[in-house]
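Content type compact mmCIF, C-alpha atoms and all ligand atoms, from the file my_file.txt:
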# COMPACT_ATOMS: atom_id res chain seq x y z
CA MET A 1 35.30 11.49 4.14
CA ALA A 2 31.98 10.31 2.76
CA LYS A 3 28.95 11.94 4.33
CA ILE A 4 26.14 9.75 5.61
CA LEU A 5 22.55 10.90 5.91
CA LYS A 6 21.57 9.13 9.14
CA PHE A 7 17.97 8.22 9.90
CA PRO A 8 16.40 8.32 13.37
CA GLU A 9 17.21 5.42 15.66
CA ASN A 10 14.86 2.42 15.31
CA PHE A 11 13.78 3.49 11.85
CA TYR A 12 11.87 0.71 10.07
CA TRP A 13 13.34 -0.37 6.73
CA GLY A 14 11.32 -2.95 4.88
CA SER A 15 9.34 -3.87 1.83
CA ALA A 16 5.70 -4.67 1.13
CA THR A 17 3.36 -7.16 -0.53
CA ALA A 18 -0.40 -7.74 -0.66
CA SER A 19 -2.29 -11.02 -0.38
CA TYR A 20 -3.83 -11.40 -3.83
CA GLN A 21 -0.68 -10.16 -5.50
CA VAL A 22 1.70 -12.75 -4.03
CA GLU A 23 -0.09 -15.58 -2.22
CA GLY A 24 -1.52 -17.57 -5.10
CA GLY A 25 -4.50 -19.94 -5.08
CA ILE A 26 -7.14 -17.34 -4.20
CA GLU A 27 -10.37 -18.02 -6.11
CA ASN A 28 -13.10 -16.64 -3.92
CA ASN A 29 -12.79 -12.90 -4.58
CA ASP A 30 -13.98 -10.35 -7.15
CA TRP A 31 -10.63 -10.27 -9.01
CA ALA A 32 -10.59 -14.04 -9.47
CA GLU A 33 -14.18 -13.78 -10.70
CA ALA A 34 -13.20 -10.99 -13.12
CA ALA A 35 -10.31 -13.15 -14.36
CA ARG A 36 -12.69 -16.05 -14.99
CA ALA A 37 -14.82 -13.66 -17.05
CA GLY A 38 -11.71 -12.68 -19.04
CA ARG A 39 -11.74 -9.07 -17.88
CA VAL A 40 -8.38 -9.09 -16.07
CA PRO A 41 -5.43 -11.48 -16.21
CA PRO A 42 -5.59 -14.43 -13.80
CA ALA A 43 -3.35 -14.35 -10.71
CA GLY A 44 -3.11 -18.16 -10.58
CA LEU A 45 -0.43 -19.48 -8.29
CA SER A 46 1.39 -16.14 -8.31
CA THR A 47 4.62 -16.50 -6.30
CA ASP A 48 3.03 -19.14 -4.03
CA HIS A 49 4.03 -16.96 -1.09
CA TYR A 50 1.15 -18.54 0.83
CA ASN A 51 3.33 -21.64 1.11
CA LYS A 52 6.75 -20.09 0.71
CA TYR A 53 6.53 -17.28 3.24
CA GLU A 54 9.20 -18.78 5.53
CA SER A 55 11.90 -18.90 2.86
CA ASP A 56 10.76 -15.51 1.50
CA PHE A 57 11.18 -14.00 4.97
CA ASP A 58 14.64 -15.59 5.18
CA LEU A 59 15.53 -13.75 2.00
CA ILE A 60 14.06 -10.49 3.28
CA LYS A 61 16.03 -10.89 6.49
CA SER A 62 19.22 -11.58 4.54
CA LEU A 63 18.59 -8.29 2.75
CA GLY A 64 18.90 -6.32 5.96
CA GLN A 65 15.22 -5.43 6.35
CA ASN A 66 13.69 -5.06 9.81
CA ALA A 67 10.06 -4.47 8.81
CA HIS A 68 7.55 -6.02 6.43
CA ARG A 69 4.12 -4.98 5.23
CA LEU A 70 1.59 -7.60 4.17
CA SER A 71 -2.16 -7.88 3.86
CA ILE A 72 -4.80 -10.32 4.99
CA GLU A 73 -7.04 -11.82 2.31
CA TRP A 74 -10.63 -11.06 3.32
CA SER A 75 -12.02 -13.88 1.13
CA ARG A 76 -9.90 -16.40 3.04
CA ILE A 77 -10.94 -15.18 6.48
CA GLU A 78 -14.64 -14.64 5.75
CA PRO A 79 -15.42 -16.90 2.76
CA GLU A 80 -19.15 -16.59 3.48
CA GLN A 81 -20.80 -13.66 5.20
CA GLY A 82 -20.39 -13.97 8.96
CA LYS A 83 -18.49 -17.29 8.77
CA PHE A 84 -14.89 -16.94 9.83
CA ASP A 85 -12.33 -19.54 8.86
CA MET A 86 -10.15 -20.29 11.87
CA ASP A 87 -7.67 -22.33 9.78
CA GLU A 88 -6.89 -19.21 7.81
CA ILE A 89 -6.50 -17.20 11.02
CA GLU A 90 -4.03 -19.88 12.07
CA HIS A 91 -2.20 -19.42 8.77
CA TYR A 92 -1.77 -15.68 9.28
CA LYS A 93 -0.74 -16.28 12.89
CA ASN A 94 2.04 -18.48 11.57
CA VAL A 95 3.01 -15.86 9.01
CA LEU A 96 3.28 -13.20 11.72
CA LYS A 97 5.16 -15.54 14.03
CA ALA A 98 7.60 -16.26 11.20
CA LEU A 99 8.30 -12.53 10.95
CA HIS A 100 8.82 -12.19 14.71
CA ALA A 101 11.13 -15.20 14.72
CA ARG A 102 13.34 -13.23 12.33
CA ASP A 103 13.03 -9.98 14.24
CA ILE A 104 11.07 -8.34 11.44
CA LYS A 105 8.32 -5.95 12.49
CA PRO A 106 4.98 -6.61 10.75
CA PHE A 107 2.71 -3.91 9.36
CA VAL A 108 -0.61 -5.47 8.41
CA THR A 109 -3.29 -4.18 6.05
CA ILE A 110 -6.70 -5.70 6.70
CA TRP A 111 -8.08 -5.13 3.20
CA HIS A 112 -6.00 -4.54 0.06
CA PHE A 113 -8.39 -4.05 -2.90
CA THR A 114 -9.93 -7.55 -3.26
CA LEU A 115 -13.47 -8.32 -2.05
CA PRO A 116 -14.96 -11.70 -1.14
CA ILE A 117 -17.47 -12.66 -3.83
CA TRP A 118 -20.44 -12.53 -1.41
CA PHE A 119 -19.62 -8.93 -0.49
CA ALA A 120 -19.00 -7.88 -4.12
CA GLU A 121 -22.40 -9.40 -5.02
CA MET A 122 -24.07 -7.21 -2.39
CA GLY A 123 -22.59 -4.17 -4.13
CA GLY A 124 -19.41 -4.01 -2.06
CA PHE A 125 -18.79 -0.52 -0.71
CA GLU A 126 -21.84 0.80 -2.57
CA ASN A 127 -23.97 -1.07 -0.05
CA ARG A 128 -25.18 1.16 2.78
CA ASN A 129 -24.36 -1.57 5.28
CA ALA A 130 -20.76 -1.80 4.08
CA PRO A 131 -19.32 0.07 7.10
CA GLU A 132 -20.92 -2.48 9.50
CA ILE A 133 -19.92 -5.46 7.39
CA PHE A 134 -16.35 -4.27 6.89
CA SER A 135 -15.77 -3.16 10.47
CA ARG A 136 -17.00 -6.49 11.81
CA TYR A 137 -14.40 -8.26 9.66
CA ALA A 138 -11.68 -5.76 10.64
CA ARG A 139 -12.43 -6.07 14.34
CA PHE A 140 -12.46 -9.85 14.11
CA VAL A 141 -9.04 -9.96 12.43
CA VAL A 142 -7.47 -7.65 15.03
CA SER A 143 -9.14 -9.53 17.89
CA GLN A 144 -7.40 -12.71 16.69
CA LEU A 145 -4.00 -11.29 15.78
CA SER A 146 -3.44 -8.26 18.01
CA ASP A 147 -0.74 -9.92 20.10
CA LEU A 148 1.28 -10.53 16.93
CA CYS A 149 1.01 -7.11 15.30
CA VAL A 150 0.90 -3.53 16.55
CA ASN A 151 0.66 -1.54 13.30
CA TRP A 152 -2.66 -2.06 11.54
CA ALA A 153 -4.09 -0.42 8.45
CA THR A 154 -7.78 -0.95 7.84
CA MET A 155 -7.57 -0.46 4.07
CA ASN A 156 -5.21 0.25 1.20
CA GLU A 157 -5.50 3.34 -1.00
CA PRO A 158 -9.27 3.90 -0.88
CA MET A 159 -9.14 6.69 -3.47
CA VAL A 160 -7.25 4.50 -5.94
CA TYR A 161 -9.71 1.67 -5.33
CA ALA A 162 -12.73 3.90 -5.98
CA TRP A 163 -11.04 5.53 -8.97
CA GLY A 164 -10.17 2.23 -10.66
CA GLY A 165 -13.52 0.56 -10.01
CA TYR A 166 -16.01 3.43 -10.29
CA LEU A 167 -14.52 6.10 -12.56
CA ILE A 168 -12.24 4.57 -15.15
CA LYS A 169 -13.69 1.03 -15.42
CA ASP A 170 -10.26 -0.53 -14.95
CA TRP A 171 -10.98 -2.72 -11.94
CA PRO A 172 -13.97 -4.62 -10.57
CA PRO A 173 -16.80 -3.66 -10.63
CA PHE A 174 -15.77 -1.86 -13.88
CA LYS A 175 -18.01 1.19 -13.63
CA THR A 176 -17.87 4.76 -14.87
CA ALA A 177 -20.28 6.40 -12.48
CA PRO A 178 -19.15 9.64 -10.81
CA LEU A 179 -22.01 9.71 -8.29
CA THR A 180 -21.42 6.11 -7.28
CA PHE A 181 -17.72 6.94 -7.03
CA LEU A 182 -18.51 9.67 -4.48
CA LYS A 183 -20.86 7.39 -2.60
CA VAL A 184 -18.20 4.68 -2.42
CA VAL A 185 -15.54 7.14 -1.22
CA ASN A 186 -17.88 8.36 1.51
CA ASN A 187 -18.73 4.81 2.51
CA LEU A 188 -15.03 4.00 2.70
CA ILE A 189 -14.52 6.97 5.03
CA LYS A 190 -17.36 5.68 7.22
CA SER A 191 -15.97 2.15 7.02
CA HIS A 192 -12.53 3.20 8.22
CA ASN A 193 -13.90 5.33 11.04
CA LEU A 194 -16.25 2.62 12.25
CA ALA A 195 -13.56 -0.08 12.00
CA TYR A 196 -11.23 2.16 14.00
CA LYS A 197 -13.83 2.55 16.74
CA LYS A 198 -14.67 -1.15 16.83
CA ILE A 199 -11.01 -2.11 17.00
CA LYS A 200 -10.44 0.36 19.82
CA GLU A 201 -13.30 -1.28 21.77
CA LEU A 202 -11.07 -4.33 22.01
CA GLU A 203 -8.78 -2.31 24.29
CA VAL A 204 -5.63 -3.85 22.86
CA PRO A 205 -2.44 -1.81 22.34
CA VAL A 206 -2.55 -1.38 18.58
CA ASP A 207 -1.89 1.52 16.21
CA VAL A 208 -4.73 1.83 13.69
CA SER A 209 -4.57 3.78 10.47
CA PHE A 210 -5.22 3.20 6.78
CA VAL A 211 -2.94 3.52 3.76
CA LYS A 212 -3.29 6.63 1.63
CA ASN A 213 -1.86 7.15 -1.83
CA ASN A 214 -0.94 10.81 -2.38
CA VAL A 215 0.19 12.59 -5.53
CA TYR A 216 2.65 15.46 -5.89
CA TYR A 217 0.73 18.13 -7.80
CA THR A 218 2.44 21.06 -9.50
CA SER A 219 1.18 23.75 -11.87
CA ASN A 220 2.46 26.47 -14.13
CA ASN A 221 1.48 30.06 -13.36
CA LYS A 222 -1.82 30.07 -15.25
CA ILE A 223 -4.55 30.90 -12.79
CA TRP A 224 -6.84 28.00 -13.80
CA ASN A 225 -3.98 25.52 -13.48
CA ARG A 226 -3.20 26.84 -10.03
CA LEU A 227 -6.85 26.55 -9.04
CA PHE A 228 -7.11 23.02 -10.41
CA LYS A 229 -4.00 22.07 -8.48
CA VAL A 230 -5.37 23.39 -5.20
CA PHE A 231 -8.76 21.75 -5.71
CA VAL A 232 -7.45 18.35 -6.81
CA ARG A 233 -4.82 18.31 -4.08
CA TRP A 234 -7.53 18.93 -1.51
CA PHE A 235 -9.93 16.40 -2.99
CA TYR A 236 -7.51 13.59 -3.81
CA ASN A 237 -4.79 13.96 -1.17
CA HIS A 238 -6.52 15.48 1.83
CA ARG A 239 -10.29 15.11 1.95
CA PHE A 240 -10.15 11.47 3.08
CA LEU A 241 -7.42 12.20 5.61
CA ARG A 242 -9.30 15.16 7.06
CA LYS A 243 -12.49 13.16 7.44
CA THR A 244 -10.67 10.35 9.24
CA LYS A 245 -8.12 12.37 11.20
CA ASN A 246 -9.76 11.67 14.55
CA CYS A 247 -9.57 7.95 13.86
CA LEU A 248 -5.92 7.77 12.84
CA ASP A 249 -3.08 6.86 15.17
CA SER A 250 -0.50 7.49 12.45
CA ILE A 251 -0.42 8.18 8.72
CA ASN A 252 0.63 5.56 6.16
CA ILE A 253 1.49 7.04 2.81
CA ASN A 254 2.18 5.49 -0.60
CA TYR A 255 3.93 7.55 -3.24
CA TYR A 256 4.19 6.84 -6.97
CA PHE A 257 2.91 9.81 -8.95
CA HIS A 258 3.26 13.45 -9.71
CA TYR A 259 0.92 15.43 -11.90
CA GLN A 260 1.79 18.67 -13.65
CA PHE A 261 -1.13 21.01 -14.37
CA GLY A 262 0.07 22.85 -17.45
CA GLY A 263 3.64 21.57 -17.10
CA SER A 264 5.50 19.47 -19.62
CA LYS A 265 8.78 18.59 -17.93
CA LYS A 266 10.03 15.21 -19.17
CA TYR A 267 11.09 12.45 -16.80
CA THR A 268 12.66 9.04 -17.08
CA GLN A 269 9.85 6.47 -16.97
CA SER A 270 9.43 3.09 -15.33
CA ASP A 271 8.28 -0.03 -17.20
CA MET A 272 4.70 1.08 -16.37
CA GLY A 273 5.26 4.33 -18.28
CA TRP A 274 5.10 6.23 -14.99
CA ASP A 275 7.37 9.27 -14.52
CA LEU A 276 10.11 8.74 -11.97
CA ASP A 277 10.13 11.79 -9.73
CA PRO A 278 11.67 10.80 -6.39
CA GLU A 279 11.68 14.39 -5.15
CA GLY A 280 7.88 14.26 -5.14
CA ILE A 281 7.97 12.11 -2.02
CA TYR A 282 9.46 15.05 -0.14
CA HIS A 283 6.58 17.34 -1.07
CA VAL A 284 3.94 14.69 -0.38
CA LEU A 285 5.47 14.11 3.06
CA LYS A 286 5.72 17.81 3.83
CA GLU A 287 1.98 18.17 3.14
CA LEU A 288 1.37 15.86 6.10
CA ILE A 289 3.00 18.08 8.73
CA PRO A 290 -0.26 19.83 9.72
CA TYR A 291 -1.73 16.48 10.85
CA ASN A 292 1.03 16.24 13.47
CA LYS A 293 1.20 12.43 13.38
CA THR A 294 3.84 9.75 13.02
CA VAL A 295 4.22 8.87 9.35
CA TYR A 296 5.22 5.64 7.61
CA VAL A 297 5.89 5.37 3.90
CA THR A 298 4.14 2.07 3.31
CA GLU A 299 4.90 1.93 -0.43
CA ALA A 300 7.15 3.62 -2.97
CA GLY A 301 8.96 1.83 -5.73
CA LEU A 302 9.04 1.19 -9.45
CA ALA A 303 8.55 -1.47 -12.10
CA ASP A 304 11.94 -2.05 -13.68
CA SER A 305 12.34 -5.61 -14.96
CA LYS A 306 15.92 -4.99 -16.08
CA ASP A 307 16.85 -3.41 -12.74
CA ILE A 308 18.45 -0.41 -14.43
CA PHE A 309 16.87 2.44 -12.49
CA ARG A 310 15.80 0.79 -9.21
CA ALA A 311 18.93 1.35 -7.12
CA GLY A 312 19.25 5.00 -8.13
CA TYR A 313 15.55 5.62 -7.60
CA ILE A 314 15.64 4.08 -4.12
CA LYS A 315 18.66 6.18 -3.18
CA ARG A 316 16.95 9.35 -4.31
CA LEU A 317 13.74 8.43 -2.50
CA VAL A 318 15.80 7.89 0.65
CA PHE A 319 17.60 11.21 0.13
CA TRP A 320 14.30 13.07 -0.10
CA MET A 321 12.75 11.20 2.82
CA HIS A 322 15.74 12.25 4.90
CA LYS A 323 15.22 15.86 3.90
CA ALA A 324 11.56 15.60 4.87
CA ILE A 325 12.59 14.38 8.32
CA GLU A 326 15.04 17.29 8.65
CA ASP A 327 12.20 19.62 7.73
CA GLY A 328 9.84 18.33 10.41
CA VAL A 329 8.07 15.19 9.12
CA LYS A 330 7.81 12.54 11.83
CA LEU A 331 8.76 9.73 9.45
CA LYS A 332 9.47 6.44 11.22
CA GLY A 333 9.67 3.86 8.44
CA TYR A 334 9.83 3.08 4.74
CA MET A 335 8.64 0.00 2.94
CA TYR A 336 9.75 -0.44 -0.66
CA TRP A 337 7.11 -1.76 -3.05
CA SER A 338 7.57 -4.61 -3.53
CA SER A 339 9.46 -7.37 -1.76
CA LEU A 340 9.11 -9.61 -4.78
CA ASP A 341 7.67 -9.40 -8.27
CA ASN A 342 3.96 -10.07 -8.19
CA TYR A 343 0.54 -9.79 -9.81
CA GLU A 344 0.27 -6.16 -10.87
CA TRP A 345 -3.53 -6.00 -11.11
CA LYS A 346 -4.78 -5.46 -14.68
CA HIS A 347 -1.19 -5.66 -15.97
CA GLY A 348 -0.81 -9.22 -14.72
CA TYR A 349 2.81 -10.21 -14.26
CA SER A 350 4.25 -7.58 -16.58
CA GLY A 351 4.86 -4.90 -13.94
CA ARG A 352 7.97 -6.10 -12.11
CA PHE A 353 8.44 -4.07 -8.94
CA GLY A 354 10.35 -6.64 -6.87
CA LEU A 355 13.63 -6.43 -5.04
CA ILE A 356 13.45 -10.16 -5.68
CA THR A 357 12.31 -11.63 -8.99
CA PHE A 358 10.83 -15.08 -9.51
CA ASP A 359 10.43 -17.53 -12.34
CA GLN A 360 6.75 -18.15 -13.04
CA LYS A 361 7.34 -21.80 -13.99
CA THR A 362 9.81 -22.93 -11.34
CA LEU A 363 8.86 -20.28 -8.71
CA GLN A 364 12.60 -19.95 -8.14
CA ARG A 365 13.52 -16.62 -6.50
CA GLN A 366 16.45 -14.46 -7.50
CA VAL A 367 17.60 -11.37 -5.66
CA ARG A 368 18.07 -8.33 -7.91
CA SER A 369 21.30 -6.38 -7.51
CA SER A 370 19.40 -3.22 -6.46
CA ALA A 371 18.24 -5.16 -3.39
CA TYR A 372 21.82 -5.11 -2.14
CA VAL A 373 22.01 -1.35 -2.56
CA TYR A 374 18.87 -1.09 -0.45
CA LYS A 375 20.35 -3.59 2.01
CA LYS A 376 23.33 -1.29 2.60
CA ILE A 377 20.94 1.59 3.34
CA CYS A 378 18.95 -0.58 5.77
CA GLU A 379 22.06 -1.80 7.56
CA ASP A 380 23.68 1.66 7.75
CA ASN A 381 20.34 3.16 8.80
CA GLY A 382 21.20 5.85 6.32
CA LEU A 383 22.46 6.82 2.91
CA ILE A 384 26.12 7.33 2.15
CA LEU A 385 26.47 10.26 -0.21
CA GLU A 386 28.93 9.59 -3.01
C1 LIG A 401 -0.92 -0.66 -4.66
C2 LIG A 401 -0.22 -1.96 -5.03
C3 LIG A 401 0.26 -1.86 -6.47
C4 LIG A 401 1.26 -0.72 -6.57
C5 LIG A 401 1.86 -0.53 -7.96
C6 LIG A 401 -0.24 0.57 -5.17
O1 LIG A 401 -1.21 1.42 -5.67
O2 LIG A 401 -1.13 -0.61 -3.28
O3 LIG A 401 -1.14 -2.99 -4.86
O4 LIG A 401 0.82 -3.05 -6.92
O5 LIG A 401 0.60 0.47 -6.25
O6 LIG A 401 0.87 -0.25 -8.89

I'd like the structure from this file rewritten - as C-alpha cells, please.
Ligand code: BGC
Amino acid sequence: MAKILKFPENFYWGSATASYQVEGGIENNDWAEAARAGRVPPAGLSTDHYNKYESDFDLIKSLGQNAHRLSIEWSRIEPEQGKFDMDEIEHYKNVLKALHARDIKPFVTIWHFTLPIWFAEMGGFENRNAPEIFSRYARFVVSQLSDLCVNWATMNEPMVYAWGGYLIKDWPPFKTAPLTFLKVVNNLIKSHNLAYKKIKELEVPVDVSFVKNNVYYTSNNKIWNRLFKVFVRWFYNHRFLRKTKNCLDSININYYFHYQFGGSKKYTQSDMGWDLDPEGIYHVLKELIPYNKTVYVTEAGLADSKDIFRAGYIKRLVFWMHKAIEDGVKLKGYMYWSSLDNYEWKHGYSGRFGLITFDQKTLQRQVRSSAYVYKKICEDNGLILE
C-alpha cells in the first residue's frame, strides 16, 4: 500500500503573489519610475489581477488551495504622504472578502518591495524618520482590514530588499554603498518593531510578523570556509530575526537558495539559473527551532516556463517540510510562489514561477499541469510516496 506523509490537521496549503507583480496599472511607485527611466522593465498591465482577482481566486479554489498570500500596494493606499485613499482600502476589503467567500485564508504582506514615489524621494528607508512613516502606514492598513485578515506581515524579505537596492545596484535606488546598506537594514529592523507595537496598540486579534528569506549555507572542511559559513549564516539568516524576535508572533520564511562555501556540487537549475535544492528547506526550517514559534513557509517555488521540473520540485519541498515537522518545526502552512506568472522584478516577464500561466496579450489564464500535482497534495493534506 502506498505510504502517505500526512501533514498536521488544518495545515494551510496555498500560493502567493505580490501587488506590483500581478495587479497591473501601478504608476506611482519607485519601480514604475525606474521603468520610465529605462532602468528596469515596465510592469504595465501585468496579469490585471487588480480587476481579475475574483476569477483568479476561483481558479485557486479549484486547485484545492485553502490559503493565499497577497500584498497591499503602499502607493495605492498612501499616494501622497499622510493622505490615505479610502477607495483603495475598499478595493482590498473586496479582495479579502472574495477570499473568505471561497473559504481561502488570507495572509497579507503590508509592504512588498515597492515604495510610493514620495517616500522614495525622501530617501526611503535611509531616512531616519522611516520607522515612523512606515509604521503609521502599517497601522492604518491593519486598522482598516483587521476583521478580514488575521495573519499580517509588515514587510517582505528586508535583507533581499537592502541587498538589491544598496549593495548590488540591481533594484531602486540602484546603489552600491555598504554603509548605507547597513543603515537601511537597521532602519528596517526598527520599522518592523515599531509597526508591530503600533499595530498591537489597536488591540485587535491579529498575528504580526514579517517575511524573511533564508539561505541554506554549507561549507567544505576548510577552516575559513567554515568560518565564513557561520558568520554569513548569522548575519544574513539570523541577525534580523534576533533583533525582532520580541515583536514576532510567528515566523514567515521564504526559501529559494543554497550557497556552498568551497563546495562545487552541481544541481539542476531553474529558468533563473538558480540551483534547485529542495532539501535546503529542511535545514532552513530546522534553524528556526530555537525561536520556538509557529512557522509558515510564505514562498518557495521555481521559474520553469516549460513546467518540466515544477511538480517534482514541489513534491520534494513537501517531503522535506514534512521531515522538518517530524523533527520539531512548528510548521503550519506552505504557500507556493507563485499563484500565477508575474512581473519578476528586473527580469520582467521572463521568470515564470506560476502554477497558472497567462497570455500577455489576451490575459487568458491557463493552469499548468504541475498545479494539479500540487492540488492532490493540498486535498490529501499530504504527499503520497510512490
Ligand atoms: C520575492 C518575490 C520574487 C521571488 C522570486 C522573492 O524573493 O518575495 O517577489 O518574485 O522571490 O524571485

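All residues, whether protein, DNA or RNA, that have an atom at most 8 Å from ligand LIG 401 (chain A) (counting only C-alpha atoms and all ligand atoms) are A:Thr17, A:Ala18, A:Gln21, A:His112, A:Phe113, A:Asn156, A:Glu157, A:Val160, A:Asn213, A:Asn254, A:Tyr256, A:Glu299, A:Ala300, A:Gly301, A:Leu302, A:Ala303, A:Trp337, A:Ser338, A:Asn342, A:Tyr343, A:Glu344, A:Trp345, A:Gly351, A:Phe353.
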
Would you kindly return, as a PyMOL selection string, each protein, DNA or RNA residue with an atom no farther than 12 Å from any atom of Arg368 in chain A, considering only C-alpha atoms and excluding same-chain residues fewer than 2 positions away? chain A and resi 59+63+304-311+338-341+352-358+365-366+370-375

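Taking CA of Leu148 in chain A and CA of Phe107 in chain A as endpoints, the distance between them is 10.2 Å.
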
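When CA of Val150 in chain A is paired with CA of Pro106 in chain A, their separation reads 7.7 Å.
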
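With distances taken over all atoms listed in the file, A:Asn29 is the one residue among A:Ser270, A:Asn29, A:Ser250, A:Thr298 lying closest to Glu78 in chain A.
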
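Those residues that approach Glu203 in chain A to within 12 Å, counting only C-alpha atoms, are Arg139, Val142, Ser143, Ser146, Asp147, Tyr196 and Lys197 of chain A; same-chain residues fewer than 6 positions away are not listed.
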
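CA of Ser71 in chain A lies 9.5 Å from CA of Tyr92 in chain A.
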
Report as JSON the centre and the edge lengths, in Å to one decimal, of the axis-aligned box holding every listed atom of range 4-18 of chain A, padded by 3 Å on each side.
{"center_x": 12.9, "center_y": 1.6, "center_z": 7.5, "size_x": 32.5, "size_y": 24.6, "size_z": 22.3}

Determine, counting only C-alpha atoms, which protein, DNA and RNA residues have an atom within 10 Å of an atom of Gly165 in chain A; residues of the same chain fewer than 3 positions away are not included. Present the result as a list in words. Phe113, Met159, Val160, Tyr161, Ala162, Ile168, Lys169, Asp170, Trp171, Pro172, Pro173, Phe174, Lys175, Thr176, Ala177, Phe181 and Val184 of chain A

Please reconstruct the missing atoms of range 77-92 of chain A (target: N, CA, C and O atoms) and return them as a PDB file, keeping the file's coordinate frame.
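Heads up, here's the output in rebuild_30.pdb:
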ATOM      1  N   ILE A  77     -10.500 -15.243   5.088  1.00  0.00           N
ATOM      2  CA  ILE A  77     -10.940 -15.180   6.480  1.00  0.00           C
ATOM      3  C   ILE A  77     -12.453 -15.299   6.610  1.00  0.00           C
ATOM      4  O   ILE A  77     -12.971 -15.942   7.516  1.00  0.00           O
ATOM      5  N   GLU A  78     -13.161 -14.626   5.683  1.00  0.00           N
ATOM      6  CA  GLU A  78     -14.640 -14.640   5.750  1.00  0.00           C
ATOM      7  C   GLU A  78     -15.180 -15.110   4.390  1.00  0.00           C
ATOM      8  O   GLU A  78     -15.727 -14.328   3.618  1.00  0.00           O
ATOM      9  N   PRO A  79     -15.035 -16.408   4.099  1.00  0.00           N
ATOM     10  CA  PRO A  79     -15.420 -16.900   2.760  1.00  0.00           C
ATOM     11  C   PRO A  79     -16.922 -16.796   2.502  1.00  0.00           C
ATOM     12  O   PRO A  79     -17.356 -16.692   1.365  1.00  0.00           O
ATOM     13  N   GLU A  80     -17.704 -16.831   3.601  1.00  0.00           N
ATOM     14  CA  GLU A  80     -19.150 -16.590   3.480  1.00  0.00           C
ATOM     15  C   GLU A  80     -19.484 -15.535   4.523  1.00  0.00           C
ATOM     16  O   GLU A  80     -18.837 -15.508   5.586  1.00  0.00           O
ATOM     17  N   GLN A  81     -20.510 -14.746   4.261  1.00  0.00           N
ATOM     18  CA  GLN A  81     -20.800 -13.660   5.200  1.00  0.00           C
ATOM     19  C   GLN A  81     -20.984 -14.192   6.620  1.00  0.00           C
ATOM     20  O   GLN A  81     -21.775 -15.127   6.857  1.00  0.00           O
ATOM     21  N   GLY A  82     -20.228 -13.629   7.542  1.00  0.00           N
ATOM     22  CA  GLY A  82     -20.390 -13.970   8.960  1.00  0.00           C
ATOM     23  C   GLY A  82     -19.743 -15.287   9.364  1.00  0.00           C
ATOM     24  O   GLY A  82     -19.750 -15.642  10.536  1.00  0.00           O
ATOM     25  N   LYS A  83     -19.164 -16.027   8.414  1.00  0.00           N
ATOM     26  CA  LYS A  83     -18.490 -17.290   8.770  1.00  0.00           C
ATOM     27  C   LYS A  83     -16.992 -17.104   8.679  1.00  0.00           C
ATOM     28  O   LYS A  83     -16.442 -16.887   7.597  1.00  0.00           O
ATOM     29  N   PHE A  84     -16.333 -17.186   9.819  1.00  0.00           N
ATOM     30  CA  PHE A  84     -14.890 -16.940   9.830  1.00  0.00           C
ATOM     31  C   PHE A  84     -14.133 -18.252   9.819  1.00  0.00           C
ATOM     32  O   PHE A  84     -14.508 -19.194  10.530  1.00  0.00           O
ATOM     33  N   ASP A  85     -13.096 -18.311   9.024  1.00  0.00           N
ATOM     34  CA  ASP A  85     -12.330 -19.540   8.860  1.00  0.00           C
ATOM     35  C   ASP A  85     -11.112 -19.532   9.791  1.00  0.00           C
ATOM     36  O   ASP A  85     -10.125 -18.841   9.541  1.00  0.00           O
ATOM     37  N   MET A  86     -11.199 -20.308  10.853  1.00  0.00           N
ATOM     38  CA  MET A  86     -10.150 -20.290  11.870  1.00  0.00           C
ATOM     39  C   MET A  86      -8.838 -20.910  11.360  1.00  0.00           C
ATOM     40  O   MET A  86      -7.774 -20.584  11.855  1.00  0.00           O
ATOM     41  N   ASP A  87      -8.920 -21.792  10.350  1.00  0.00           N
ATOM     42  CA  ASP A  87      -7.670 -22.330   9.780  1.00  0.00           C
ATOM     43  C   ASP A  87      -6.866 -21.224   9.111  1.00  0.00           C
ATOM     44  O   ASP A  87      -5.636 -21.194   9.166  1.00  0.00           O
ATOM     45  N   GLU A  88      -7.592 -20.314   8.470  1.00  0.00           N
ATOM     46  CA  GLU A  88      -6.890 -19.210   7.810  1.00  0.00           C
ATOM     47  C   GLU A  88      -6.333 -18.221   8.835  1.00  0.00           C
ATOM     48  O   GLU A  88      -5.261 -17.652   8.642  1.00  0.00           O
ATOM     49  N   ILE A  89      -7.048 -18.037   9.929  1.00  0.00           N
ATOM     50  CA  ILE A  89      -6.500 -17.200  11.020  1.00  0.00           C
ATOM     51  C   ILE A  89      -5.190 -17.832  11.495  1.00  0.00           C
ATOM     52  O   ILE A  89      -4.186 -17.149  11.700  1.00  0.00           O
ATOM     53  N   GLU A  90      -5.222 -19.145  11.649  1.00  0.00           N
ATOM     54  CA  GLU A  90      -4.030 -19.880  12.070  1.00  0.00           C
ATOM     55  C   GLU A  90      -2.873 -19.639  11.075  1.00  0.00           C
ATOM     56  O   GLU A  90      -1.722 -19.453  11.465  1.00  0.00           O
ATOM     57  N   HIS A  91      -3.234 -19.656   9.798  1.00  0.00           N
ATOM     58  CA  HIS A  91      -2.200 -19.420   8.770  1.00  0.00           C
ATOM     59  C   HIS A  91      -1.534 -18.064   8.991  1.00  0.00           C
ATOM     60  O   HIS A  91      -0.308 -17.955   9.036  1.00  0.00           O
ATOM     61  N   TYR A  92      -2.363 -17.011   9.131  1.00  0.00           N
ATOM     62  CA  TYR A  92      -1.770 -15.680   9.280  1.00  0.00           C
ATOM     63  C   TYR A  92      -1.033 -15.539  10.617  1.00  0.00           C
ATOM     64  O   TYR A  92      -0.064 -14.794  10.727  1.00  0.00           O
TER      65      TYR A  92
END
